[in-house]
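Heads up, input-v4.pdb below (PDB, C-alpha atoms):
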ATOM      1  CA  MET F1070      14.286   1.368 -72.280  1.00  0.00           C
ATOM      2  CA  SER F1071      14.076   5.097 -71.611  1.00  0.00           C
ATOM      3  CA  ASN F1072      16.972   7.568 -71.763  1.00  0.00           C
ATOM      4  CA  THR F1073      15.835   9.169 -68.520  1.00  0.00           C
ATOM      5  CA  LYS F1074      17.953   8.243 -65.537  1.00  0.00           C
ATOM      6  CA  SER F1075      16.810   8.310 -61.955  1.00  0.00           C
ATOM      7  CA  GLN F1076      18.770   8.266 -58.745  1.00  0.00           C
ATOM      8  CA  TYR F1077      18.957   5.204 -56.514  1.00  0.00           C
ATOM      9  CA  LEU F1078      20.387   4.905 -53.036  1.00  0.00           C
ATOM     10  CA  LEU F1079      22.258   1.717 -52.244  1.00  0.00           C
ATOM     11  CA  LEU F1080      22.345   1.238 -48.477  1.00  0.00           C
ATOM     12  CA  PHE F1081      25.154  -1.014 -47.311  1.00  0.00           C
ATOM     13  CA  ARG F1082      23.765  -3.000 -44.396  1.00  0.00           C
ATOM     14  CA  GLY F1083      25.767  -4.958 -41.890  1.00  0.00           C
ATOM     15  CA  THR F1084      28.793  -3.491 -40.204  1.00  0.00           C
ATOM     16  CA  ASP F1085      30.506  -6.727 -39.254  1.00  0.00           C
ATOM     17  CA  TRP F1086      30.756  -8.635 -42.565  1.00  0.00           C
ATOM     18  CA  TYR F1087      34.547  -8.292 -42.674  1.00  0.00           C
ATOM     19  CA  ARG F1088      35.510  -9.054 -39.075  1.00  0.00           C
ATOM     20  CA  GLN F1089      36.354 -12.746 -39.616  1.00  0.00           C
ATOM     21  CA  LEU F1090      38.522 -12.165 -42.703  1.00  0.00           C
ATOM     22  CA  SER F1091      42.295 -12.379 -42.760  1.00  0.00           C
ATOM     23  CA  VAL F1092      44.323  -9.260 -43.520  1.00  0.00           C
ATOM     24  CA  ASN F1093      45.135 -10.589 -47.007  1.00  0.00           C
ATOM     25  CA  GLU F1094      41.474 -11.362 -47.758  1.00  0.00           C
ATOM     26  CA  LEU F1095      40.407  -7.951 -46.536  1.00  0.00           C
ATOM     27  CA  GLN F1096      43.054  -6.149 -48.581  1.00  0.00           C
ATOM     28  CA  ASP F1097      42.048  -8.109 -51.689  1.00  0.00           C
ATOM     29  CA  ILE F1098      38.328  -7.426 -51.250  1.00  0.00           C
ATOM     30  CA  MET F1099      38.820  -3.751 -50.489  1.00  0.00           C
ATOM     31  CA  GLY F1100      41.109  -3.382 -53.506  1.00  0.00           C
ATOM     32  CA  ARG F1101      38.401  -4.880 -55.716  1.00  0.00           C
ATOM     33  CA  ALA F1102      35.748  -2.703 -54.037  1.00  0.00           C
ATOM     34  CA  ASN F1103      37.798   0.447 -54.676  1.00  0.00           C
ATOM     35  CA  GLU F1104      38.175  -0.590 -58.342  1.00  0.00           C
ATOM     36  CA  TRP F1105      34.400  -1.120 -58.510  1.00  0.00           C
ATOM     37  CA  PHE F1106      33.736   2.352 -57.090  1.00  0.00           C
ATOM     38  CA  ALA F1107      36.298   3.902 -59.465  1.00  0.00           C
ATOM     39  CA  GLY F1108      34.677   2.158 -62.444  1.00  0.00           C
ATOM     40  CA  LEU F1109      31.263   3.525 -61.473  1.00  0.00           C
ATOM     41  CA  ALA F1110      32.760   7.020 -61.183  1.00  0.00           C
ATOM     42  CA  GLU F1111      34.410   6.741 -64.615  1.00  0.00           C
ATOM     43  CA  LYS F1112      31.070   5.778 -66.177  1.00  0.00           C
ATOM     44  CA  GLY F1113      29.292   8.712 -64.492  1.00  0.00           C
ATOM     45  CA  ILE F1114      27.060   6.339 -62.487  1.00  0.00           C
ATOM     46  CA  TYR F1115      28.493   7.168 -59.048  1.00  0.00           C
ATOM     47  CA  LYS F1116      27.127  10.401 -57.580  1.00  0.00           C
ATOM     48  CA  ALA F1117      28.051  10.201 -53.876  1.00  0.00           C
ATOM     49  CA  ALA F1118      29.165   7.637 -51.335  1.00  0.00           C
ATOM     50  CA  GLN F1119      30.333   7.597 -47.762  1.00  0.00           C
ATOM     51  CA  PRO F1120      30.916   5.048 -45.038  1.00  0.00           C
ATOM     52  CA  LEU F1121      29.042   5.612 -41.792  1.00  0.00           C
ATOM     53  CA  ASP F1122      30.492   5.321 -38.308  1.00  0.00           C
ATOM     54  CA  GLU F1123      29.209   2.420 -36.249  1.00  0.00           C
ATOM     55  CA  LYS F1124      28.199   4.777 -33.431  1.00  0.00           C
ATOM     56  CA  GLY F1125      24.830   6.450 -33.642  1.00  0.00           C
ATOM     57  CA  ALA F1126      21.362   6.726 -32.213  1.00  0.00           C
ATOM     58  CA  THR F1127      17.802   6.005 -33.236  1.00  0.00           C
ATOM     59  CA  ILE F1128      15.234   8.735 -32.645  1.00  0.00           C
ATOM     60  CA  ALA F1129      11.658   7.544 -32.195  1.00  0.00           C
ATOM     61  CA  PHE F1130       8.383   8.621 -30.676  1.00  0.00           C
ATOM     62  CA  LYS F1131       7.489   6.034 -28.037  1.00  0.00           C
ATOM     63  CA  ASN F1132       5.093   6.126 -25.128  1.00  0.00           C
ATOM     64  CA  GLY F1133       4.196   9.758 -25.734  1.00  0.00           C
ATOM     65  CA  ALA F1134       7.768  11.070 -25.845  1.00  0.00           C
ATOM     66  CA  ILE F1135      10.661  11.371 -28.248  1.00  0.00           C
ATOM     67  CA  SER F1136      13.509   9.084 -27.241  1.00  0.00           C
ATOM     68  CA  ASP F1137      17.082   8.760 -28.451  1.00  0.00           C
ATOM     69  CA  GLY F1138      17.610   5.035 -28.252  1.00  0.00           C
ATOM     70  CA  PRO F1139      20.618   2.949 -29.086  1.00  0.00           C
ATOM     71  CA  PHE F1140      21.707   2.354 -32.639  1.00  0.00           C
ATOM     72  CA  THR F1141      20.019  -0.545 -34.423  1.00  0.00           C
ATOM     73  CA  GLU F1142      21.475  -4.008 -34.034  1.00  0.00           C
ATOM     74  CA  SER F1143      24.915  -4.217 -35.672  1.00  0.00           C
ATOM     75  CA  LYS F1144      24.028  -6.831 -38.291  1.00  0.00           C
ATOM     76  CA  GLU F1145      21.161  -4.640 -39.506  1.00  0.00           C
ATOM     77  CA  SER F1146      22.691  -1.186 -39.183  1.00  0.00           C
ATOM     78  CA  VAL F1147      23.628   0.857 -42.239  1.00  0.00           C
ATOM     79  CA  GLY F1148      27.397   0.929 -42.687  1.00  0.00           C
ATOM     80  CA  GLY F1149      27.469   3.240 -45.697  1.00  0.00           C
ATOM     81  CA  TYR F1150      25.681   4.382 -48.806  1.00  0.00           C
ATOM     82  CA  LEU F1151      26.194   4.884 -52.518  1.00  0.00           C
ATOM     83  CA  LEU F1152      24.060   7.243 -54.603  1.00  0.00           C
ATOM     84  CA  ILE F1153      23.949   6.286 -58.284  1.00  0.00           C
ATOM     85  CA  GLU F1154      22.063   7.110 -61.462  1.00  0.00           C
ATOM     86  CA  ALA F1155      20.477   4.283 -63.417  1.00  0.00           C
ATOM     87  CA  GLU F1156      17.732   3.852 -65.988  1.00  0.00           C
ATOM     88  CA  SER F1157      15.667   1.513 -63.826  1.00  0.00           C
ATOM     89  CA  LEU F1158      15.480  -0.246 -60.486  1.00  0.00           C
ATOM     90  CA  GLU F1159      16.582  -3.417 -62.259  1.00  0.00           C
ATOM     91  CA  GLU F1160      19.707  -1.693 -63.571  1.00  0.00           C
ATOM     92  CA  ALA F1161      20.451  -0.271 -60.110  1.00  0.00           C
ATOM     93  CA  VAL F1162      20.123  -3.767 -58.611  1.00  0.00           C
ATOM     94  CA  ALA F1163      22.433  -5.167 -61.300  1.00  0.00           C
ATOM     95  CA  ILE F1164      25.006  -2.506 -60.424  1.00  0.00           C
ATOM     96  CA  GLY F1165      24.708  -3.290 -56.716  1.00  0.00           C
ATOM     97  CA  ARG F1166      25.086  -7.027 -57.341  1.00  0.00           C
ATOM     98  CA  GLN F1167      28.577  -6.370 -58.719  1.00  0.00           C
ATOM     99  CA  ASN F1168      29.858  -5.173 -55.337  1.00  0.00           C
ATOM    100  CA  PRO F1169      32.679  -7.576 -54.389  1.00  0.00           C
ATOM    101  CA  MET F1170      31.796  -7.436 -50.675  1.00  0.00           C
ATOM    102  CA  ILE F1171      28.421  -9.204 -51.061  1.00  0.00           C
ATOM    103  CA  PRO F1172      29.796 -12.786 -50.981  1.00  0.00           C
ATOM    104  CA  TYR F1173      31.324 -11.975 -47.577  1.00  0.00           C
ATOM    105  CA  GLY F1174      28.055 -10.921 -45.939  1.00  0.00           C
ATOM    106  CA  LEU F1175      27.430  -7.324 -47.006  1.00  0.00           C
ATOM    107  CA  VAL F1176      23.741  -6.727 -47.723  1.00  0.00           C
ATOM    108  CA  ILE F1177      22.726  -3.944 -50.106  1.00  0.00           C
ATOM    109  CA  GLU F1178      19.263  -2.389 -50.040  1.00  0.00           C
ATOM    110  CA  VAL F1179      18.451  -0.529 -53.277  1.00  0.00           C
ATOM    111  CA  ARG F1180      15.882   2.263 -53.042  1.00  0.00           C
ATOM    112  CA  PRO F1181      14.715   4.750 -55.678  1.00  0.00           C
ATOM    113  CA  VAL F1182      15.151   8.359 -54.601  1.00  0.00           C
ATOM    114  CA  ALA F1183      11.711  10.008 -54.595  1.00  0.00           C
ATOM    115  CA  GLU F1184      10.990  13.612 -55.498  1.00  0.00           C
ATOM    116  CA  ASP F1185       8.756  13.959 -52.430  1.00  0.00           C
ATOM    117  CA  CYS F1186       8.146  11.908 -49.312  1.00  0.00           C
ATOM    118  CA  GLY F1187       4.862  10.017 -48.984  1.00  0.00           C
ATOM    119  CA  ALA F1188       3.490  12.483 -46.422  1.00  0.00           C
ATOM    120  CA  THR F1189       4.116  15.446 -48.753  1.00  0.00           C
ATOM    121  CA  LYS F1190       2.429  13.657 -51.664  1.00  0.00           C
ATOM    122  CA  LEU F1191      -0.616  12.836 -49.531  1.00  0.00           C
ATOM    123  CA  ALA F1192      -0.857  16.398 -48.172  1.00  0.00           C
ATOM    124  CA  ARG F1193      -0.691  17.772 -51.724  1.00  0.00           C
ATOM    125  CA  GLN F1194      -3.403  15.337 -52.888  1.00  0.00           C
ATOM    126  CA  LYS F1195      -5.672  16.297 -49.998  1.00  0.00           C
ATOM    127  CA  ASP F1196      -5.051  19.988 -50.626  1.00  0.00           C
ATOM    128  CA  ASN F1197      -5.843  19.560 -54.344  1.00  0.00           C
ATOM    129  CA  ALA F1198      -9.027  17.636 -53.457  1.00  0.00           C
ATOM    130  CA  ALA F1199     -10.099  20.387 -51.047  1.00  0.00           C
ATOM    131  CA  VAL F1200      -9.512  23.065 -53.704  1.00  0.00           C
ATOM    132  CA  ALA F1201     -11.498  21.048 -56.246  1.00  0.00           C
ATOM    133  CA  LEU F1202     -14.438  20.785 -53.840  1.00  0.00           C
ATOM    134  CA  ALA F1203     -14.428  24.497 -53.049  1.00  0.00           C
TER     135      ALA F1203
END

Translate the structure of the given file into structure tokens.
Amino acid sequence: MSNTKSQYLLLFRGTDWYRQLSVNELQDIMGRANEWFAGLAEKGIYKAAQPLDEKGATIAFKNGAISDGPFTESKESVGGYLLIEAESLEEAVAIGRQNPMIPYGLVIEVRPVAEDCGATKLARQKDNAAVALA
């Protein structure tokens, strides 16, 4: 195992996981979730987090024009995020699995944070190839 840590974004999917819970259940779960977040902060794992409002828009290029469509379907929309540091994707997944909201329907997508987007990497590769051919 390496000592180098990378950043991982945990996307909290599903904005309606809690709607069928009683007030007592919700208070209990949120208390445990806040303790989980605080524990990650104490260990230096937690870097940033924020809930997202349920309102929003999707911007896409369709039929030759840019459109601002409705937000994605509620059960699939991103309700918040957590940015952490971990030694591997497996460790980041293990951290995410400890979230006390998962048994109630929260879905967490874990993604490594890349230094560059795929398009930038490809453009750089093509530029390097062109320079090598010149």

Q. Interatomic distance between atom CA of F:Tyr1173 and atom CA of F:Thr1084?
A. 11.5 Å

Q) Pick from F:Thr1127, F:Met1170, F:Lys1116, F:Ser1091: nearest to F:Ser1075, with only C-alpha atoms counted? A)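 The closest residue to F:Ser1075 is F:Lys1116.
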
Q) Please, which residues are within 10 Å of (19.3, 7.5, -53.5) by the file's coordinates, counting only C-alpha atoms, and could they come as a VMD selection string? A) chain F and resid 1075 to 1080 1116 to 1117 1150 to 1154 1179 to 1183

Once you have the residues from the selection above, write them out as a tab-separated table (two decimals), in the coordinates of the input, restricted to C-alpha atoms.
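Result file part-v3.tsv:
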chain	number	residue	atom	x	y	z
F	1075	SER	CA	16.81	8.31	-61.96
F	1076	GLN	CA	18.77	8.27	-58.74
F	1077	TYR	CA	18.96	5.20	-56.51
F	1078	LEU	CA	20.39	4.90	-53.04
F	1079	LEU	CA	22.26	1.72	-52.24
F	1080	LEU	CA	22.34	1.24	-48.48
F	1116	LYS	CA	27.13	10.40	-57.58
F	1117	ALA	CA	28.05	10.20	-53.88
F	1150	TYR	CA	25.68	4.38	-48.81
F	1151	LEU	CA	26.19	4.88	-52.52
F	1152	LEU	CA	24.06	7.24	-54.60
F	1153	ILE	CA	23.95	6.29	-58.28
F	1154	GLU	CA	22.06	7.11	-61.46
F	1179	VAL	CA	18.45	-0.53	-53.28
F	1180	ARG	CA	15.88	2.26	-53.04
F	1181	PRO	CA	14.72	4.75	-55.68
F	1182	VAL	CA	15.15	8.36	-54.60
F	1183	ALA	CA	11.71	10.01	-54.60

Q | Residues within 12 Å of stretch 1098-1107 of chain F, all atoms listed in the file, excluding chain neighbours under 4 positions, as number ranges by chain | A | F: 1086-1087, 1090-1094, 1111-1119, 1150-1153, 1164-1173, 1175

So that I can check the surroundings of F:Asp1137, please list as an mmCIF file with C-alpha atoms, keeping the file's coordinate frame every protein, DNA and RNA residue that reaches within 12 Å of it, counting only C-alpha atoms and ignoring chain neighbours fewer than 5 positions away.
data_model
loop_
_atom_site.group_PDB
_atom_site.id
_atom_site.type_symbol
_atom_site.label_atom_id
_atom_site.label_comp_id
_atom_site.auth_asym_id
_atom_site.auth_seq_id
_atom_site.Cartn_x
_atom_site.Cartn_y
_atom_site.Cartn_z
ATOM 1 C CA GLY F 1125 24.830 6.450 -33.642
ATOM 2 C CA ALA F 1126 21.362 6.726 -32.213
ATOM 3 C CA THR F 1127 17.802 6.005 -33.236
ATOM 4 C CA ILE F 1128 15.234 8.735 -32.645
ATOM 5 C CA ALA F 1129 11.658 7.544 -32.195
ATOM 6 C CA PHE F 1130 8.383 8.621 -30.676
ATOM 7 C CA LYS F 1131 7.489 6.034 -28.037
#

Q | Point-to-point distance from atom CA of F:Gly1187 to atom CA of F:Gly1148, Å rounded to tenths | A | 25.1 Å

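Atom CA of F:Lys1074 to atom CA of F:Gln1194 spans 25.8 Å [interatomic distance, one decimal].
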